>>> print(open('model.json').read())   # JSON, N, CA, C and O atoms
[["chain", "number", "residue", "atom", "x", "y", "z"],
["A", 6, "MET", "N", 190.15, 12.88, -18.84],
["A", 6, "MET", "CA", 189.21, 13.96, -18.76],
["A", 6, "MET", "C", 188.07, 13.68, -19.72],
["A", 6, "MET", "O", 188.30, 13.24, -20.84],
["A", 7, "THR", "N", 186.85, 13.92, -19.27],
["A", 7, "THR", "CA", 185.69, 13.76, -20.14],
["A", 7, "THR", "C", 185.08, 15.13, -20.40],
["A", 7, "THR", "O", 184.82, 15.89, -19.45],
["A", 8, "ILE", "N", 184.87, 15.44, -21.67],
["A", 8, "ILE", "CA", 184.27, 16.70, -22.08],
["A", 8, "ILE", "C", 182.82, 16.41, -22.46],
["A", 8, "ILE", "O", 182.56, 15.53, -23.28],
["A", 9, "GLU", "N", 181.89, 17.15, -21.88],
["A", 9, "GLU", "CA", 180.49, 17.08, -22.30],
["A", 9, "GLU", "C", 180.21, 18.38, -23.06],
["A", 9, "GLU", "O", 180.39, 19.47, -22.51],
["A", 10, "PHE", "N", 179.81, 18.24, -24.31],
["A", 10, "PHE", "CA", 179.65, 19.40, -25.19],
["A", 10, "PHE", "C", 178.27, 19.37, -25.84],
["A", 10, "PHE", "O", 177.82, 18.32, -26.30],
["A", 11, "THR", "N", 177.61, 20.52, -25.86],
["A", 11, "THR", "CA", 176.33, 20.66, -26.54],
["A", 11, "THR", "C", 176.57, 21.35, -27.88],
["A", 11, "THR", "O", 176.87, 22.55, -27.90],
["A", 12, "PRO", "N", 176.46, 20.60, -28.99],
["A", 12, "PRO", "CA", 176.70, 21.18, -30.31],
["A", 12, "PRO", "C", 175.65, 22.23, -30.65],
["A", 12, "PRO", "O", 174.50, 22.16, -30.19],
["A", 13, "LYS", "N", 176.03, 23.19, -31.48],
["A", 13, "LYS", "CA", 175.13, 24.25, -31.92],
["A", 13, "LYS", "C", 175.04, 24.24, -33.44],
["A", 13, "LYS", "O", 176.05, 24.12, -34.12],
["A", 14, "GLY", "N", 173.81, 24.34, -33.97],
["A", 14, "GLY", "CA", 173.61, 24.47, -35.41],
["A", 14, "GLY", "C", 173.65, 23.17, -36.18],
["A", 14, "GLY", "O", 173.74, 23.19, -37.41],
["A", 15, "VAL", "N", 173.59, 22.03, -35.48],
["A", 15, "VAL", "CA", 173.64, 20.72, -36.13],
["A", 15, "VAL", "C", 172.57, 19.81, -35.53],
["A", 15, "VAL", "O", 171.91, 20.16, -34.56],
["A", 16, "CYS", "N", 172.41, 18.63, -36.13],
["A", 16, "CYS", "CA", 171.38, 17.68, -35.68],
["A", 16, "CYS", "C", 171.74, 16.97, -34.38],
["A", 16, "CYS", "O", 170.85, 16.59, -33.62],
["A", 17, "SER", "N", 173.02, 16.75, -34.13],
["A", 17, "SER", "CA", 173.40, 16.07, -32.88],
["A", 17, "SER", "C", 173.10, 16.98, -31.69],
["A", 17, "SER", "O", 173.13, 18.20, -31.79],
["A", 18, "ARG", "N", 172.80, 16.35, -30.54],
["A", 18, "ARG", "CA", 172.38, 17.10, -29.35],
["A", 18, "ARG", "C", 173.40, 17.10, -28.23],
["A", 18, "ARG", "O", 173.38, 17.98, -27.37],
["A", 19, "LYS", "N", 174.29, 16.12, -28.21],
["A", 19, "LYS", "CA", 175.29, 16.05, -27.14],
["A", 19, "LYS", "C", 176.48, 15.22, -27.59],
["A", 19, "LYS", "O", 176.32, 14.22, -28.30],
["A", 20, "MET", "N", 177.66, 15.64, -27.17],
["A", 20, "MET", "CA", 178.89, 14.89, -27.44],
["A", 20, "MET", "C", 179.62, 14.68, -26.12],
["A", 20, "MET", "O", 179.76, 15.61, -25.33],
["A", 21, "LEU", "N", 180.04, 13.45, -25.90],
["A", 21, "LEU", "CA", 180.89, 13.11, -24.76],
["A", 21, "LEU", "C", 182.21, 12.63, -25.33],
["A", 21, "LEU", "O", 182.24, 11.65, -26.09],
["A", 22, "VAL", "N", 183.28, 13.32, -24.99],
["A", 22, "VAL", "CA", 184.60, 12.99, -25.52],
["A", 22, "VAL", "C", 185.53, 12.68, -24.36],
["A", 22, "VAL", "O", 185.69, 13.51, -23.46],
["A", 23, "GLU", "N", 186.12, 11.50, -24.39],
["A", 23, "GLU", "CA", 187.09, 11.13, -23.36],
["A", 23, "GLU", "C", 188.48, 11.33, -23.94],
["A", 23, "GLU", "O", 188.81, 10.77, -24.99],
["A", 24, "VAL", "N", 189.26, 12.16, -23.26],
["A", 24, "VAL", "CA", 190.62, 12.48, -23.71],
["A", 24, "VAL", "C", 191.59, 12.10, -22.59],
["A", 24, "VAL", "O", 191.37, 12.43, -21.43],
["A", 25, "GLU", "N", 192.66, 11.41, -22.97],
["A", 25, "GLU", "CA", 193.69, 11.02, -21.99],
["A", 25, "GLU", "C", 195.05, 11.31, -22.60],
["A", 25, "GLU", "O", 195.36, 10.84, -23.70],
["A", 26, "ASP", "N", 195.85, 12.10, -21.90],
["A", 26, "ASP", "CA", 197.20, 12.46, -22.37],
["A", 26, "ASP", "C", 197.20, 13.01, -23.79],
["A", 26, "ASP", "O", 198.06, 12.68, -24.61],
["A", 27, "GLY", "N", 196.20, 13.85, -24.10],
["A", 27, "GLY", "CA", 196.14, 14.50, -25.40],
["A", 27, "GLY", "C", 195.64, 13.62, -26.53],
["A", 27, "GLY", "O", 195.72, 14.00, -27.70],
["A", 28, "VAL", "N", 195.12, 12.43, -26.21],
["A", 28, "VAL", "CA", 194.64, 11.49, -27.22],
["A", 28, "VAL", "C", 193.16, 11.21, -26.97],
["A", 28, "VAL", "O", 192.74, 10.99, -25.83],
["A", 29, "VAL", "N", 192.36, 11.20, -28.05],
["A", 29, "VAL", "CA", 190.94, 10.88, -27.94],
["A", 29, "VAL", "C", 190.81, 9.38, -27.70],
["A", 29, "VAL", "O", 191.28, 8.57, -28.49],
["A", 30, "LYS", "N", 190.20, 9.02, -26.58],
["A", 30, "LYS", "CA", 190.01, 7.62, -26.23],
["A", 30, "LYS", "C", 188.62, 7.13, -26.64],
["A", 30, "LYS", "O", 188.46, 5.97, -27.00],
["A", 31, "CYS", "N", 187.61, 8.01, -26.57],
["A", 31, "CYS", "CA", 186.24, 7.59, -26.86],
["A", 31, "CYS", "C", 185.41, 8.81, -27.22],
["A", 31, "CYS", "O", 185.60, 9.88, -26.65],
["A", 32, "LEU", "N", 184.49, 8.64, -28.16],
["A", 32, "LEU", "CA", 183.54, 9.68, -28.54],
["A", 32, "LEU", "C", 182.17, 9.06, -28.61],
["A", 32, "LEU", "O", 181.98, 8.04, -29.29],
["A", 33, "GLN", "N", 181.22, 9.66, -27.91],
["A", 33, "GLN", "CA", 179.82, 9.25, -27.98],
["A", 33, "GLN", "C", 179.00, 10.46, -28.37],
["A", 33, "GLN", "O", 179.15, 11.53, -27.77],
["A", 34, "VAL", "N", 178.11, 10.29, -29.38],
["A", 34, "VAL", "CA", 177.29, 11.39, -29.85],
["A", 34, "VAL", "C", 175.83, 10.98, -29.75],
["A", 34, "VAL", "O", 175.45, 9.89, -30.19],
["A", 35, "THR", "N", 175.01, 11.87, -29.22],
["A", 35, "THR", "CA", 173.57, 11.67, -29.14],
["A", 35, "THR", "C", 172.92, 12.49, -30.23],
["A", 35, "THR", "O", 173.19, 13.69, -30.35],
["A", 36, "GLY", "N", 172.05, 11.85, -31.01],
["A", 36, "GLY", "CA", 171.39, 12.54, -32.12],
["A", 36, "GLY", "C", 172.27, 12.56, -33.35],
["A", 36, "GLY", "O", 173.37, 12.00, -33.37],
["A", 37, "GLY", "N", 171.80, 13.20, -34.39],
["A", 37, "GLY", "CA", 172.57, 13.30, -35.62],
["A", 37, "GLY", "C", 172.45, 12.06, -36.48],
["A", 37, "GLY", "O", 171.61, 11.19, -36.24],
["A", 38, "CYS", "N", 173.26, 11.97, -37.50],
["A", 38, "CYS", "CA", 173.26, 10.84, -38.44],
["A", 38, "CYS", "C", 174.03, 9.69, -37.80],
["A", 38, "CYS", "O", 175.26, 9.67, -37.82],
["A", 39, "HIS", "N", 173.29, 8.75, -37.25],
["A", 39, "HIS", "CA", 173.86, 7.71, -36.40],
["A", 39, "HIS", "C", 175.02, 6.96, -37.06],
["A", 39, "HIS", "O", 176.10, 6.81, -36.46],
["A", 40, "GLY", "N", 174.84, 6.48, -38.27],
["A", 40, "GLY", "CA", 175.90, 5.71, -38.93],
["A", 40, "GLY", "C", 177.15, 6.54, -39.17],
["A", 40, "GLY", "O", 178.27, 6.08, -38.89],
["A", 41, "ASN", "N", 176.97, 7.76, -39.66],
["A", 41, "ASN", "CA", 178.13, 8.61, -39.93],
["A", 41, "ASN", "C", 178.88, 8.94, -38.64],
["A", 41, "ASN", "O", 180.11, 8.93, -38.60],
["A", 42, "LEU", "N", 178.12, 9.23, -37.59],
["A", 42, "LEU", "CA", 178.78, 9.59, -36.33],
["A", 42, "LEU", "C", 179.44, 8.40, -35.65],
["A", 42, "LEU", "O", 180.46, 8.57, -34.99],
["A", 43, "GLN", "N", 178.90, 7.20, -35.86],
["A", 43, "GLN", "CA", 179.60, 6.01, -35.36],
["A", 43, "GLN", "C", 180.93, 5.87, -36.08],
["A", 43, "GLN", "O", 181.95, 5.54, -35.46],
["A", 44, "GLY", "N", 180.92, 6.10, -37.38],
["A", 44, "GLY", "CA", 182.16, 6.02, -38.16],
["A", 44, "GLY", "C", 183.17, 7.05, -37.72],
["A", 44, "GLY", "O", 184.36, 6.73, -37.53],
["A", 45, "ILE", "N", 182.73, 8.29, -37.54],
["A", 45, "ILE", "CA", 183.64, 9.34, -37.08],
["A", 45, "ILE", "C", 184.20, 8.99, -35.71],
["A", 45, "ILE", "O", 185.39, 9.16, -35.46],
["A", 46, "SER", "N", 183.34, 8.45, -34.84],
["A", 46, "SER", "CA", 183.80, 8.08, -33.50],
["A", 46, "SER", "C", 184.93, 7.06, -33.57],
["A", 46, "SER", "O", 185.94, 7.19, -32.86],
["A", 47, "LYS", "N", 184.79, 6.06, -34.42],
["A", 47, "LYS", "CA", 185.84, 5.04, -34.55],
["A", 47, "LYS", "C", 187.10, 5.62, -35.17],
["A", 47, "LYS", "O", 188.22, 5.25, -34.80],
["A", 48, "LEU", "N", 186.93, 6.53, -36.14],
["A", 48, "LEU", "CA", 188.10, 7.10, -36.81],
["A", 48, "LEU", "C", 188.93, 7.99, -35.90],
["A", 48, "LEU", "O", 190.16, 8.00, -36.01],
["A", 49, "VAL", "N", 188.29, 8.74, -35.00],
["A", 49, "VAL", "CA", 189.05, 9.67, -34.16],
["A", 49, "VAL", "C", 189.67, 9.00, -32.93],
["A", 49, "VAL", "O", 190.59, 9.55, -32.33],
["A", 50, "GLU", "N", 189.20, 7.81, -32.57],
["A", 50, "GLU", "CA", 189.79, 7.11, -31.43],
["A", 50, "GLU", "C", 191.27, 6.84, -31.70],
["A", 50, "GLU", "O", 191.63, 6.33, -32.75],
["A", 51, "GLY", "N", 192.11, 7.25, -30.76],
["A", 51, "GLY", "CA", 193.54, 7.05, -30.91],
["A", 51, "GLY", "C", 194.26, 8.22, -31.56],
["A", 51, "GLY", "O", 195.49, 8.26, -31.58],
["A", 52, "MET", "N", 193.51, 9.17, -32.09],
["A", 52, "MET", "CA", 194.13, 10.36, -32.71],
["A", 52, "MET", "C", 194.41, 11.40, -31.63],
["A", 52, "MET", "O", 193.70, 11.47, -30.62],
["A", 53, "THR", "N", 195.42, 12.22, -31.86],
["A", 53, "THR", "CA", 195.68, 13.31, -30.92],
["A", 53, "THR", "C", 194.59, 14.37, -31.09],
["A", 53, "THR", "O", 193.98, 14.50, -32.17],
["A", 54, "VAL", "N", 194.37, 15.12, -30.04],
["A", 54, "VAL", "CA", 193.39, 16.20, -30.07],
["A", 54, "VAL", "C", 193.73, 17.18, -31.19],
["A", 54, "VAL", "O", 192.86, 17.61, -31.95],
["A", 55, "GLU", "N", 195.00, 17.52, -31.31],
["A", 55, "GLU", "CA", 195.43, 18.48, -32.33],
["A", 55, "GLU", "C", 195.14, 17.98, -33.74],
["A", 55, "GLU", "O", 194.73, 18.74, -34.62],
["A", 56, "GLU", "N", 195.35, 16.68, -33.98],
["A", 56, "GLU", "CA", 195.11, 16.11, -35.30],
["A", 56, "GLU", "C", 193.62, 16.12, -35.64],
["A", 56, "GLU", "O", 193.23, 16.45, -36.76],
["A", 57, "VAL", "N", 192.78, 15.80, -34.67],
["A", 57, "VAL", "CA", 191.33, 15.82, -34.90],
["A", 57, "VAL", "C", 190.89, 17.24, -35.23],
["A", 57, "VAL", "O", 190.15, 17.47, -36.20],
["A", 58, "ILE", "N", 191.37, 18.21, -34.47],
["A", 58, "ILE", "CA", 191.01, 19.61, -34.74],
["A", 58, "ILE", "C", 191.46, 20.01, -36.13],
["A", 58, "ILE", "O", 190.69, 20.60, -36.90],
["A", 59, "ARG", "N", 192.70, 19.68, -36.48],
["A", 59, "ARG", "CA", 193.25, 20.06, -37.80],
["A", 59, "ARG", "C", 192.42, 19.47, -38.94],
["A", 59, "ARG", "O", 192.15, 20.14, -39.93],
["A", 60, "LYS", "N", 191.96, 18.24, -38.79],
["A", 60, "LYS", "CA", 191.24, 17.57, -39.87],
["A", 60, "LYS", "C", 189.76, 17.95, -39.95],
["A", 60, "LYS", "O", 189.17, 17.95, -41.03],
["A", 61, "LEU", "N", 189.14, 18.26, -38.81],
["A", 61, "LEU", "CA", 187.68, 18.44, -38.80],
["A", 61, "LEU", "C", 187.22, 19.89, -38.69],
["A", 61, "LEU", "O", 186.07, 20.19, -39.04],
["A", 62, "ASP", "N", 188.08, 20.78, -38.23],
["A", 62, "ASP", "CA", 187.70, 22.18, -38.05],
["A", 62, "ASP", "C", 187.29, 22.81, -39.38],
["A", 62, "ASP", "O", 188.00, 22.70, -40.37],
["A", 63, "GLY", "N", 186.11, 23.41, -39.41],
["A", 63, "GLY", "CA", 185.65, 24.13, -40.59],
["A", 63, "GLY", "C", 184.82, 23.33, -41.57],
["A", 63, "GLY", "O", 184.35, 23.87, -42.57],
["A", 64, "ILE", "N", 184.61, 22.04, -41.32],
["A", 64, "ILE", "CA", 183.77, 21.24, -42.22],
["A", 64, "ILE", "C", 182.34, 21.78, -42.14],
["A", 64, "ILE", "O", 181.81, 22.02, -41.06],
["A", 65, "ASN", "N", 181.74, 21.98, -43.31],
["A", 65, "ASN", "CA", 180.42, 22.60, -43.42],
["A", 65, "ASN", "C", 179.40, 21.57, -43.89],
["A", 65, "ASN", "O", 179.65, 20.82, -44.82],
["A", 66, "CYS", "N", 178.23, 21.54, -43.26],
["A", 66, "CYS", "CA", 177.15, 20.62, -43.64],
["A", 66, "CYS", "C", 176.00, 21.41, -44.27],
["A", 66, "CYS", "O", 175.34, 22.19, -43.57],
["A", 67, "ASN", "N", 175.79, 21.22, -45.54],
["A", 67, "ASN", "CA", 174.65, 21.83, -46.24],
["A", 67, "ASN", "C", 174.52, 23.33, -46.02],
["A", 67, "ASN", "O", 173.42, 23.84, -45.82],
["A", 68, "GLY", "N", 175.61, 24.06, -46.01],
["A", 68, "GLY", "CA", 175.57, 25.51, -45.88],
["A", 68, "GLY", "C", 175.24, 26.02, -44.49],
["A", 68, "GLY", "O", 174.94, 27.20, -44.32],
["A", 69, "LYS", "N", 175.31, 25.16, -43.49],
["A", 69, "LYS", "CA", 175.00, 25.57, -42.11],
["A", 69, "LYS", "C", 176.12, 26.40, -41.48],
["A", 69, "LYS", "O", 175.92, 27.01, -40.44],
["A", 70, "GLY", "N", 177.29, 26.37, -42.09],
["A", 70, "GLY", "CA", 178.43, 27.05, -41.50],
["A", 70, "GLY", "C", 179.16, 26.21, -40.47],
["A", 70, "GLY", "O", 180.17, 26.63, -39.92],
["A", 71, "THR", "N", 178.65, 25.04, -40.20],
["A", 71, "THR", "CA", 179.26, 24.10, -39.26],
["A", 71, "THR", "C", 178.77, 22.69, -39.61],
["A", 71, "THR", "O", 178.05, 22.51, -40.58],
["A", 72, "SER", "N", 179.19, 21.72, -38.84],
["A", 72, "SER", "CA", 178.79, 20.32, -39.03],
["A", 72, "SER", "C", 179.08, 19.59, -37.73],
["A", 72, "SER", "O", 179.72, 20.14, -36.83],
["A", 73, "CYS", "N", 178.64, 18.35, -37.64],
["A", 73, "CYS", "CA", 178.98, 17.56, -36.44],
["A", 73, "CYS", "C", 180.50, 17.41, -36.29],
["A", 73, "CYS", "O", 181.02, 17.59, -35.19],
["A", 74, "PRO", "N", 181.24, 17.10, -37.38],
["A", 74, "PRO", "CA", 182.70, 17.04, -37.23],
["A", 74, "PRO", "C", 183.31, 18.37, -36.78],
["A", 74, "PRO", "O", 184.19, 18.41, -35.93],
["A", 75, "ASP", "N", 182.81, 19.48, -37.33],
["A", 75, "ASP", "CA", 183.30, 20.81, -36.93],
["A", 75, "ASP", "C", 182.97, 21.06, -35.46],
["A", 75, "ASP", "O", 183.81, 21.60, -34.73],
["A", 76, "GLN", "N", 181.79, 20.66, -35.02],
["A", 76, "GLN", "CA", 181.42, 20.85, -33.62],
["A", 76, "GLN", "C", 182.31, 20.02, -32.70],
["A", 76, "GLN", "O", 182.66, 20.45, -31.60],
["A", 77, "LEU", "N", 182.72, 18.83, -33.15],
["A", 77, "LEU", "CA", 183.68, 18.04, -32.38],
["A", 77, "LEU", "C", 184.99, 18.80, -32.25],
["A", 77, "LEU", "O", 185.59, 18.86, -31.17],
["A", 78, "ALA", "N", 185.44, 19.40, -33.33],
["A", 78, "ALA", "CA", 186.67, 20.20, -33.28],
["A", 78, "ALA", "C", 186.52, 21.35, -32.29],
["A", 78, "ALA", "O", 187.45, 21.64, -31.51],
["A", 79, "GLN", "N", 185.35, 22.00, -32.27],
["A", 79, "GLN", "CA", 185.12, 23.10, -31.33],
["A", 79, "GLN", "C", 185.17, 22.59, -29.89],
["A", 79, "GLN", "O", 185.74, 23.25, -29.00],
["A", 80, "ALA", "N", 184.59, 21.43, -29.65],
["A", 80, "ALA", "CA", 184.64, 20.84, -28.30],
["A", 80, "ALA", "C", 186.08, 20.57, -27.88],
["A", 80, "ALA", "O", 186.46, 20.85, -26.75],
["A", 81, "LEU", "N", 186.87, 20.02, -28.79],
["A", 81, "LEU", "CA", 188.25, 19.68, -28.47],
["A", 81, "LEU", "C", 189.14, 20.90, -28.30],
["A", 81, "LEU", "O", 190.17, 20.83, -27.61],
["A", 82, "LYS", "N", 188.76, 22.00, -28.89],
["A", 82, "LYS", "CA", 189.54, 23.24, -28.69],
["A", 82, "LYS", "C", 189.52, 23.66, -27.23],
["A", 82, "LYS", "O", 190.41, 24.39, -26.79],
["A", 83, "GLN", "N", 188.55, 23.20, -26.47],
["A", 83, "GLN", "CA", 188.50, 23.49, -25.03],
["A", 83, "GLN", "C", 189.64, 22.81, -24.28],
["A", 83, "GLN", "O", 190.00, 23.21, -23.19],
["A", 84, "VAL", "N", 190.20, 21.74, -24.89],
["A", 84, "VAL", "CA", 191.26, 20.97, -24.24],
["A", 84, "VAL", "C", 192.62, 21.62, -24.45],
["A", 84, "VAL", "O", 193.46, 21.61, -23.55],
["A", 85, "VAL", "N", 192.85, 22.21, -25.62],
["A", 85, "VAL", "CA", 194.17, 22.77, -25.93],
["A", 85, "VAL", "C", 194.31, 24.21, -25.46],
["A", 85, "VAL", "O", 193.39, 24.87, -25.15]]
>>> encode(input="model.json", output="structure tokens")
Amino acid sequence: MTIEFTPKGVCSRKMLVEVEDGVVKCLQVTGGCHGNLQGISKLVEGMTVEEVIRKLDGINCNGKGTSCPDQLAQALKQVV
């Protein structure tokens, strides 16, 4: 299953997350801090959806109340 998610309140503009059998297979992010998001993409590959949500949910970027990692967690909550 591929999730297309439009983040809110952050610099990134689009997230495409490929999930298979409850495991993140691939993450592509458009916009945002390119290097950091490439790193996050590599780190979450192979992790379960639940583990990604547990680790990233609630991360705050500069007082915005959310962040790109938090927005990824919000996108993945659509799967569970």
>>> closest_residue(input="model.json", among="A:Val29, A:Gly37, A:Val57, A:Gly63", to="Ser17 of chain A", atoms="only C-alpha atoms")
A:Gly37
>>> atom_distance(input="model.json", atom1="atom C of Val84 of chain A", atom2="atom CA of Gly36 of chain A")
24.3 Å
>>> closest_residue(input="model.json", among="A:Gly40, A:Glu55, A:Lys47, A:Lys30", to="Leu81 of chain A", atoms="all atoms listed in the file")
A:Glu55
>>> atom_distance(input="model.json", atom1="atom O of Gly27 of chain A", atom2="atom CA of Lys69 of chain A")
27.8 Å
>>> atom_distance(input="model.json", atom1="atom CA of Asp75 of chain A", atom2="atom N of Asp62 of chain A")
5.0 Å
>>> closest_residue(input="model.json", among="A:Leu61, A:Val28, A:Cys16, A:Met6", to="Gln79 of chain A", atoms="only N, CA, C and O atoms")
A:Leu61
>>> residues_near_point(input="model.json", point="(180.3, 12.7, -33.1)", cutoff="7 Å", atoms="all atoms listed in the file", output="list in words")
Lys19, Met20, Leu32, Gln33, Val34, Thr35, Gly36, Asn41, Leu42, Gln43, Ile45, Ser46, Cys73, Pro74 and Leu77 of chain A
>>> closest_residue(input="model.json", among="A:Ile8, A:Glu25, A:Val85, A:Gly14", to="Gly70 of chain A", atoms="all atoms listed in the file")
A:Gly14
>>> select_by_dssp(input="model.json", residues="chain A", states="strand (DSSP E or B)", output="VMD selection string")
chain A and resid 7 to 10 17 to 25 28 to 36 53
>>> closest_residue(input="model.json", among="A:Arg18, A:Ile58, A:Ala78, A:Phe10", to="His39 of chain A", atoms="only C-alpha atoms")
A:Arg18
>>> closest_residue(input="model.json", among="A:Gln83, A:Leu21, A:Asp26, A:Lys13", to="Met52 of chain A", atoms="only C-alpha atoms")
A:Asp26
>>> axis_aligned_box(input="model.json", around="segment 70-73 of chain A", padding_each_side="4 Å", output="JSON")
{"center_x": 179.2, "center_y": 22.2, "center_z": -38.6, "size_x": 11.7, "size_y": 17.6, "size_z": 14.9}
>>> decode(input="model.json", residues="segment 16-84 of chain A", atoms="C-alpha atoms", output="tab-separated table (two decimals), in the first residue's frame")
chain	number	residue	atom	x	y	z
A	16	CYS	CA	8.47	22.78	5.23
A	17	SER	CA	7.95	19.47	3.43
A	18	ARG	CA	5.13	19.45	0.86
A	19	LYS	CA	4.43	15.78	0.19
A	20	MET	CA	5.23	12.36	1.64
A	21	LEU	CA	4.92	9.05	-0.17
A	22	VAL	CA	5.16	6.06	2.16
A	23	GLU	CA	5.17	2.48	0.92
A	24	VAL	CA	3.99	0.03	3.57
A	25	GLU	CA	3.90	-3.75	3.14
A	26	ASP	CA	2.67	-6.15	5.84
A	27	GLY	CA	2.91	-3.43	8.50
A	28	VAL	CA	6.52	-2.54	7.63
A	29	VAL	CA	7.75	0.70	6.03
A	30	LYS	CA	9.44	-0.25	2.76
A	31	CYS	CA	10.15	3.22	1.34
A	32	LEU	CA	9.68	6.89	2.23
A	33	GLN	CA	10.01	9.76	-0.22
A	34	VAL	CA	9.60	13.38	0.91
A	35	THR	CA	9.27	16.44	-1.31
A	36	GLY	CA	10.51	19.70	0.19
A	37	GLY	CA	11.86	20.20	3.68
A	38	CYS	CA	15.44	19.73	4.88
A	39	HIS	CA	16.71	17.39	2.20
A	40	GLY	CA	19.63	15.83	4.08
A	41	ASN	CA	17.70	15.27	7.30
A	42	LEU	CA	14.74	13.77	5.48
A	43	GLN	CA	16.98	11.45	3.47
A	44	GLY	CA	18.41	10.25	6.77
A	45	ILE	CA	14.97	9.75	8.31
A	46	SER	CA	13.87	7.88	5.18
A	47	LYS	CA	16.76	5.43	5.50
A	48	LEU	CA	16.25	5.00	9.24
A	49	VAL	CA	12.54	4.13	9.02
A	50	GLU	CA	12.92	1.61	6.18
A	51	GLY	CA	12.35	-1.83	7.63
A	52	MET	CA	10.71	-0.54	10.81
A	53	THR	CA	7.15	-1.47	11.70
A	54	VAL	CA	4.52	1.21	11.34
A	55	GLU	CA	3.85	1.06	15.08
A	56	GLU	CA	7.53	1.57	15.94
A	57	VAL	CA	7.84	4.59	13.63
A	58	ILE	CA	4.72	6.14	15.19
A	59	ARG	CA	5.98	5.45	18.72
A	60	LYS	CA	9.37	7.06	18.03
A	61	LEU	CA	8.33	10.06	15.92
A	62	ASP	CA	4.88	11.09	17.18
A	63	GLY	CA	4.99	14.46	18.95
A	64	ILE	CA	8.43	15.66	17.81
A	65	ASN	CA	8.32	19.46	17.67
A	66	CYS	CA	10.32	21.67	15.27
A	67	ASN	CA	11.08	25.18	16.50
A	68	GLY	CA	7.84	25.56	18.46
A	69	LYS	CA	5.62	24.73	15.47
A	70	GLY	CA	3.78	22.06	17.44
A	71	THR	CA	4.76	19.51	14.80
A	72	SER	CA	7.71	18.50	12.59
A	73	CYS	CA	8.38	16.44	9.49
A	74	PRO	CA	8.95	13.31	11.64
A	75	ASP	CA	5.70	14.02	13.53
A	76	GLN	CA	3.87	14.48	10.22
A	77	LEU	CA	5.21	11.09	9.09
A	78	ALA	CA	3.75	9.58	12.26
A	79	GLN	CA	0.40	11.25	11.47
A	80	ALA	CA	0.48	9.79	7.96
A	81	LEU	CA	1.21	6.31	9.31
A	82	LYS	CA	-1.63	6.53	11.81
A	83	GLN	CA	-3.90	6.21	8.77
A	84	VAL	CA	-2.57	2.65	8.35
